[in-house]
Amino acid sequence: MGLRTAATALLLALPAAAVADTVRIATYGPDLSRKGPGLLLADIEKRDPQVLAAAAVIAHAEPDAILLTGFDWDHDGLALDGFAALISEAGLDLPHRFAGQPNSGMATGVDLDGDGRSGTADDAQGFGFFTGASGMALLSRLPLAEVRDHSAFLWRDLPGNLMPSDTPADAAAIQRLSSTAHWDVALLIDGEPLHLLAWSATPPVFDGPEDRNGRRNHDEAAFWPAHLPKAPFVLLGNLNVDPVDGDGRPEGYQALMTVAHDPKPRGAWQPPQDGANAVQNGDPALDTADWADADGPGNLRADYVLPAKDLTVLDAGVLWPDPETELGRTVQTASRHRLVWVDIRFP
């Protein structure tokens, strides 16, 4: 039973898209990346409980289009097809799909991180132990049209970029900006395009005082204001930065606010604000990732759906129910991330 079923929707305070010109756009990090190629497909085929839970979460939310981040890519799209079949089995058909090879896990043959070795996960275009690791996928009820893939754009070519000044020339000559991908995918609504501008940024941590990952995370967001389509658009994905708490440079998010607006989706339930959460300053209802374990940074806002300023937002939410409920247990089993959805009125 999905969000658009009245009883459940009312219980969760997540109202459904109710009129014909309303479109529900979502993003979700379902934790569907594994330690090697083919392992995700194997888990899908054996109906792993975590995989089934992620499919159930998506079916419950009933998006018209959803971006998945942290989803392993394979050349023939077998994992994506298999996962879409599980979502359909759970009650939601998303027949239109796109997934391209991500930069994560794409070998370069160059020592990108300057540790004196090449060929490690840190030397791929984006961190990854194998080709296709932790990619992205877009699934939709509505047809997809043109895709513009900006993933080969070089970091050094971004005006005003924050690439560390001591980056070796051979690394700068090949280093792509996207740690995963940057896509502009046209979603067709009654034949008119709504552009979904999708990306999944590198975490702004796991580096040294040079803050290479933090700088790249910032620039992955700063890319979009100069590369907007001349049509309605929605920015969405895992920005991997909280505007208030945690590490990272919130200026990247702030740059997006010059072209989009933030509906600030809220969850229906918030975990106890103790431990790492106790020292945070942001509104916990806006958090989208559960990192409140013993050595974690606390719960943070990482996942976003940001419509263009001229689009009307009708409703928005984070699917974070009470973990003592059946749905809450499913959400918790599926992923540390929570699904974020926004209903917009398409012009």
# chains A, B, ... in the order shown; residues from 1 in each chain; ligands from 1

$ select_by_dssp --residues "stretch 103-196 of chain A" --states "helix (DSSP H, G or I)" --output "PyMOL selection string"
chain A and resi 121-123+155-157+169-172

$ closest_atom_pairs --of "stretch 245-324 of chain A" --to "stretch 49-59 of chain A" --cutoff "12 Å" --atoms "only C-alpha atoms" --output "CSV"
residue,atom,partner,partner_atom,distance
A:Val318,CA,A:Val57,CA,11.6
A:Leu319,CA,A:Val57,CA,8.4
A:Trp320,CA,A:Val57,CA,10.3
A:Pro321,CA,A:Val57,CA,11.1

$ closest_residue --among "A:Asp262, A:Leu94, A:Gly275, A:Ala308" --to "A:Leu196" --atoms "only C-alpha atoms"
A:Ala308

$ closest_residue --among "A:Leu235, A:Val331, A:Ala260, A:Ala172" --to "A:Thr312" --atoms "only C-alpha atoms"
A:Ala260

$ select_by_dssp --residues "stretch 39-286 of chain A" --states "strand (DSSP E)" --output "ChimeraX atom specification"
/A:65-71,96-98,135-140,144-149,182-189,192-200,233-238

$ closest_residue --among "A:Ala302, A:Val147, A:Ala26, A:Ala268" --to "A:Pro323" --atoms "only C-alpha atoms"
A:Ala268

$ residues_around --residues "A:Pro347" --least-positions-apart "4" --cutoff "9 Å" --atoms "only C-alpha atoms" --output "list of chain:residue names"
A:Asp21, A:Pro232, A:Leu311, A:Thr312

$ write_last_selection --atoms "N, CA, C and O atoms" --output "PDB file, in the first residue's frame"
ATOM      1  N   ASP A  21      -1.886  17.479 -13.127  1.00  0.00           N
ATOM      2  CA  ASP A  21      -0.643  18.159 -13.483  1.00  0.00           C
ATOM      3  C   ASP A  21       0.379  18.104 -12.360  1.00  0.00           C
ATOM      4  O   ASP A  21       1.338  18.863 -12.354  1.00  0.00           O
ATOM      5  N   PRO A 232      11.906  23.928 -17.784  1.00  0.00           N
ATOM      6  CA  PRO A 232      11.745  23.624 -16.356  1.00  0.00           C
ATOM      7  C   PRO A 232      12.675  22.495 -15.930  1.00  0.00           C
ATOM      8  O   PRO A 232      12.929  21.555 -16.688  1.00  0.00           O
ATOM      9  N   LEU A 311       8.886  26.719 -10.548  1.00  0.00           N
ATOM     10  CA  LEU A 311       7.983  25.590 -10.373  1.00  0.00           C
ATOM     11  C   LEU A 311       7.282  25.693  -9.025  1.00  0.00           C
ATOM     12  O   LEU A 311       7.887  26.099  -8.031  1.00  0.00           O
ATOM     13  N   THR A 312       6.012  25.311  -8.998  1.00  0.00           N
ATOM     14  CA  THR A 312       5.224  25.367  -7.771  1.00  0.00           C
ATOM     15  C   THR A 312       5.307  24.040  -7.035  1.00  0.00           C
ATOM     16  O   THR A 312       5.019  22.986  -7.604  1.00  0.00           O
TER      17      THR A 312
END

$ residues_around --residues "stretch 114-129 of chain A" --least-positions-apart "3" --cutoff "9 Å" --atoms "only C-alpha atoms" --output "NGL selection string"
:A and (35-36 or 102-111 or 132-134 or 167-168 or 174-180 or 202)

$ atom_distance --atom1 "atom CA of A:Arg266" --atom2 "atom CA of A:Asp247"
21.4 Å

$ closest_residue --among "A:Ile189, A:Leu80, A:Ile87, A:Leu327" --to "A:Met136" --atoms "only C-alpha atoms"
A:Leu80

$ residues_around --residues "A:Asp81" --least-positions-apart "6" --cutoff "12 Å" --atoms "only C-alpha atoms" --output "MDAnalysis selection string"
chainID A and resid 40:41 44:45 73:75 87:88 93:99 137:139

$ write_last_selection --atoms "N, CA, C and O atoms" --output "mmCIF file, in the first residue's frame"
data_model
loop_
_atom_site.group_PDB
_atom_site.id
_atom_site.type_symbol
_atom_site.label_atom_id
_atom_site.label_comp_id
_atom_site.auth_asym_id
_atom_site.auth_seq_id
_atom_site.Cartn_x
_atom_site.Cartn_y
_atom_site.Cartn_z
ATOM 1 N N LEU A 40 25.633 -7.463 -6.663
ATOM 2 C CA LEU A 40 24.289 -6.898 -6.494
ATOM 3 C C LEU A 40 23.266 -7.731 -7.250
ATOM 4 O O LEU A 40 22.192 -8.039 -6.722
ATOM 5 N N LEU A 41 23.572 -8.100 -8.490
ATOM 6 C CA LEU A 41 22.645 -8.921 -9.264
ATOM 7 C C LEU A 41 22.371 -10.238 -8.539
ATOM 8 O O LEU A 41 21.222 -10.703 -8.483
ATOM 9 N N ILE A 44 19.950 -9.583 -5.803
ATOM 10 C CA ILE A 44 18.603 -9.361 -6.351
ATOM 11 C C ILE A 44 17.962 -10.695 -6.710
ATOM 12 O O ILE A 44 16.790 -10.948 -6.384
ATOM 13 N N GLU A 45 18.723 -11.558 -7.352
ATOM 14 C CA GLU A 45 18.168 -12.835 -7.796
ATOM 15 C C GLU A 45 17.834 -13.761 -6.636
ATOM 16 O O GLU A 45 16.887 -14.557 -6.729
ATOM 17 N N TRP A 73 26.325 -0.313 -11.307
ATOM 18 C CA TRP A 73 26.029 -0.370 -12.744
ATOM 19 C C TRP A 73 26.657 -1.613 -13.351
ATOM 20 O O TRP A 73 27.776 -2.000 -12.967
ATOM 21 N N ASP A 74 25.954 -2.253 -14.279
ATOM 22 C CA ASP A 74 26.570 -3.291 -15.099
ATOM 23 C C ASP A 74 26.224 -3.034 -16.552
ATOM 24 O O ASP A 74 25.207 -2.407 -16.864
ATOM 25 N N HIS A 75 27.069 -3.487 -17.448
ATOM 26 C CA HIS A 75 26.993 -3.109 -18.855
ATOM 27 C C HIS A 75 25.645 -3.422 -19.483
ATOM 28 O O HIS A 75 25.121 -2.650 -20.296
ATOM 29 N N ILE A 87 10.455 -3.937 -7.702
ATOM 30 C CA ILE A 87 9.596 -2.786 -7.403
ATOM 31 C C ILE A 87 8.208 -3.017 -7.974
ATOM 32 O O ILE A 87 7.190 -2.741 -7.322
ATOM 33 N N SER A 88 8.145 -3.542 -9.201
ATOM 34 C CA SER A 88 6.857 -3.846 -9.823
ATOM 35 C C SER A 88 6.098 -4.891 -9.014
ATOM 36 O O SER A 88 4.885 -4.778 -8.797
ATOM 37 N N ASP A 93 5.006 0.083 -11.118
ATOM 38 C CA ASP A 93 5.687 -0.132 -12.394
ATOM 39 C C ASP A 93 6.428 1.136 -12.803
ATOM 40 O O ASP A 93 5.820 2.216 -12.908
ATOM 41 N N LEU A 94 7.722 0.992 -13.049
ATOM 42 C CA LEU A 94 8.568 2.091 -13.517
ATOM 43 C C LEU A 94 9.286 1.599 -14.772
ATOM 44 O O LEU A 94 10.467 1.225 -14.735
ATOM 45 N N PRO A 95 8.598 1.589 -15.912
ATOM 46 C CA PRO A 95 9.129 0.925 -17.103
ATOM 47 C C PRO A 95 10.229 1.677 -17.836
ATOM 48 O O PRO A 95 10.949 1.082 -18.643
ATOM 49 N N HIS A 96 10.354 2.988 -17.589
ATOM 50 C CA HIS A 96 11.331 3.794 -18.317
ATOM 51 C C HIS A 96 12.557 4.001 -17.422
ATOM 52 O O HIS A 96 12.437 4.507 -16.299
ATOM 53 N N ARG A 97 13.743 3.632 -17.948
ATOM 54 C CA ARG A 97 14.924 3.640 -17.095
ATOM 55 C C ARG A 97 16.151 4.138 -17.855
ATOM 56 O O ARG A 97 16.264 3.965 -19.068
ATOM 57 N N PHE A 98 17.060 4.744 -17.097
ATOM 58 C CA PHE A 98 18.349 5.143 -17.663
ATOM 59 C C PHE A 98 19.440 4.926 -16.625
ATOM 60 O O PHE A 98 19.270 5.259 -15.452
ATOM 61 N N ALA A 99 20.555 4.366 -17.073
ATOM 62 C CA ALA A 99 21.748 4.260 -16.238
ATOM 63 C C ALA A 99 22.953 4.213 -17.161
ATOM 64 O O ALA A 99 23.005 3.391 -18.079
ATOM 65 N N ALA A 137 21.012 5.441 -11.057
ATOM 66 C CA ALA A 137 20.005 4.926 -11.973
ATOM 67 C C ALA A 137 18.752 5.777 -11.842
ATOM 68 O O ALA A 137 18.401 6.210 -10.744
ATOM 69 N N LEU A 138 18.101 6.020 -12.958
ATOM 70 C CA LEU A 138 16.847 6.771 -12.969
ATOM 71 C C LEU A 138 15.738 5.860 -13.458
ATOM 72 O O LEU A 138 15.865 5.213 -14.509
ATOM 73 N N LEU A 139 14.664 5.778 -12.690
ATOM 74 C CA LEU A 139 13.498 4.964 -13.054
ATOM 75 C C LEU A 139 12.279 5.878 -13.102
ATOM 76 O O LEU A 139 12.123 6.763 -12.253
#

$ atom_distance --atom1 "atom CA of A:Ala65" --atom2 "atom CA of A:Gly248"
28.3 Å

$ atom_distance --atom1 "atom CA of A:Leu78" --atom2 "atom CA of A:Arg141"
19.0 Å

$ residues_around --residues "A:Gln280" --least-positions-apart "5" --cutoff "10 Å" --atoms "only C-alpha atoms" --output "PyMOL selection string"
chain A and resi 244-246+273-275+297-300

$ decode --residues "stretch 249-291 of chain A" --atoms "N, CA and C atoms" --output "tab-separated table (two decimals), in the first residue's frame"
chain	number	residue	atom	x	y	z
A	249	ARG	N	31.42	22.01	2.58
A	249	ARG	CA	31.35	23.45	2.26
A	249	ARG	C	29.93	23.76	1.79
A	250	PRO	N	29.11	24.34	2.65
A	250	PRO	CA	27.71	24.59	2.29
A	250	PRO	C	27.54	25.62	1.19
A	251	GLU	N	28.63	26.28	0.77
A	251	GLU	CA	28.52	27.26	-0.30
A	251	GLU	C	28.04	26.62	-1.61
A	252	GLY	N	28.32	25.32	-1.80
A	252	GLY	CA	27.82	24.64	-2.99
A	252	GLY	C	26.31	24.59	-3.00
A	253	TYR	N	25.73	24.22	-1.87
A	253	TYR	CA	24.27	24.23	-1.73
A	253	TYR	C	23.73	25.65	-1.92
A	254	GLN	N	24.39	26.62	-1.35
A	254	GLN	CA	23.94	28.00	-1.47
A	254	GLN	C	23.97	28.49	-2.91
A	255	ALA	N	24.94	28.01	-3.69
A	255	ALA	CA	24.97	28.38	-5.12
A	255	ALA	C	23.73	27.85	-5.84
A	256	LEU	N	23.26	26.69	-5.45
A	256	LEU	CA	22.06	26.13	-6.07
A	256	LEU	C	20.82	26.95	-5.72
A	257	MET	N	20.84	27.59	-4.58
A	257	MET	CA	19.69	28.39	-4.16
A	257	MET	C	19.53	29.66	-5.00
A	258	THR	N	20.50	29.95	-5.85
A	258	THR	CA	20.34	31.09	-6.77
A	258	THR	C	19.46	30.73	-7.96
A	259	VAL	N	19.26	29.42	-8.21
A	259	VAL	CA	18.49	29.00	-9.36
A	259	VAL	C	17.31	28.09	-9.00
A	260	ALA	N	17.29	27.60	-7.78
A	260	ALA	CA	16.24	26.68	-7.35
A	260	ALA	C	15.75	27.10	-5.97
A	261	HIS	N	14.68	26.48	-5.52
A	261	HIS	CA	14.25	26.72	-4.15
A	261	HIS	C	14.14	25.40	-3.42
A	262	ASP	N	14.24	25.48	-2.11
A	262	ASP	CA	14.32	24.30	-1.27
A	262	ASP	C	13.01	24.13	-0.51
A	263	PRO	N	12.22	23.12	-0.84
A	263	PRO	CA	10.96	22.91	-0.11
A	263	PRO	C	11.16	22.35	1.28
A	264	LYS	N	12.39	22.01	1.63
A	264	LYS	CA	12.75	21.48	2.95
A	264	LYS	C	11.82	20.36	3.39
A	265	PRO	N	11.86	19.23	2.67
A	265	PRO	CA	11.02	18.08	3.04
A	265	PRO	C	11.33	17.62	4.47
A	266	ARG	N	10.30	17.19	5.17
A	266	ARG	CA	10.45	16.81	6.56
A	266	ARG	C	10.01	15.37	6.77
A	267	GLY	N	10.67	14.70	7.70
A	267	GLY	CA	10.27	13.36	8.08
A	267	GLY	C	9.20	13.40	9.16
A	268	ALA	N	8.41	12.32	9.23
A	268	ALA	CA	7.33	12.26	10.22
A	268	ALA	C	7.84	11.90	11.60
A	269	TRP	N	9.07	11.35	11.68
A	269	TRP	CA	9.63	10.90	12.96
A	269	TRP	C	11.10	11.26	13.01
A	270	GLN	N	11.56	11.68	14.16
A	270	GLN	CA	12.98	11.98	14.32
A	270	GLN	C	13.56	11.11	15.44
A	271	PRO	N	14.76	10.56	15.23
A	271	PRO	CA	15.39	9.75	16.27
A	271	PRO	C	15.80	10.61	17.45
A	272	PRO	N	16.15	9.98	18.57
A	272	PRO	CA	16.59	10.74	19.74
A	272	PRO	C	17.79	11.63	19.40
A	273	GLN	N	17.76	12.83	19.89
A	273	GLN	CA	18.83	13.78	19.61
A	273	GLN	C	19.89	13.70	20.71
A	274	ASP	N	20.52	12.53	20.79
A	274	ASP	CA	21.59	12.33	21.76
A	274	ASP	C	22.85	11.93	21.02
A	275	GLY	N	23.93	11.66	21.74
A	275	GLY	CA	25.18	11.29	21.10
A	275	GLY	C	25.65	12.37	20.15
A	276	ALA	N	26.07	11.96	18.93
A	276	ALA	CA	26.55	12.93	17.94
A	276	ALA	C	25.45	13.90	17.53
A	277	ASN	N	24.19	13.47	17.59
A	277	ASN	CA	23.10	14.37	17.22
A	277	ASN	C	22.95	15.54	18.19
A	278	ALA	N	23.37	15.34	19.43
A	278	ALA	CA	23.14	16.35	20.46
A	278	ALA	C	23.90	17.64	20.20
A	279	VAL	N	24.98	17.57	19.44
A	279	VAL	CA	25.79	18.77	19.20
A	279	VAL	C	25.46	19.44	17.87
A	280	GLN	N	24.43	18.94	17.18
A	280	GLN	CA	24.07	19.52	15.90
A	280	GLN	C	23.12	20.70	16.07
A	281	ASN	N	23.10	21.56	15.06
A	281	ASN	CA	22.29	22.76	15.11
A	281	ASN	C	21.11	22.77	14.14
A	282	GLY	N	21.14	21.86	13.14
A	282	GLY	CA	20.08	21.84	12.14
A	282	GLY	C	18.80	21.21	12.65
A	283	ASP	N	17.73	21.46	11.93
A	283	ASP	CA	16.43	20.86	12.26
A	283	ASP	C	16.50	19.36	11.96
A	284	PRO	N	16.34	18.49	12.96
A	284	PRO	CA	16.47	17.05	12.71
A	284	PRO	C	15.41	16.49	11.78
A	285	ALA	N	14.28	17.18	11.63
A	285	ALA	CA	13.23	16.70	10.73
A	285	ALA	C	13.67	16.75	9.27
A	286	LEU	N	14.72	17.52	8.97
A	286	LEU	CA	15.20	17.64	7.60
A	286	LEU	C	16.24	16.58	7.26
A	287	ASP	N	16.73	15.85	8.25
A	287	ASP	CA	17.78	14.86	8.01
A	287	ASP	C	17.28	13.76	7.08
A	288	THR	N	18.22	13.22	6.29
A	288	THR	CA	17.87	12.17	5.34
A	288	THR	C	18.78	10.95	5.44
A	289	ALA	N	19.74	10.97	6.36
A	289	ALA	CA	20.68	9.85	6.47
A	289	ALA	C	20.93	9.54	7.93
A	290	ASP	N	20.91	8.26	8.25
A	290	ASP	CA	21.05	7.78	9.63
A	290	ASP	C	22.49	7.34	9.88
A	291	TRP	N	23.30	8.27	10.37
A	291	TRP	CA	24.70	7.99	10.66
A	291	TRP	C	25.00	8.19	12.15
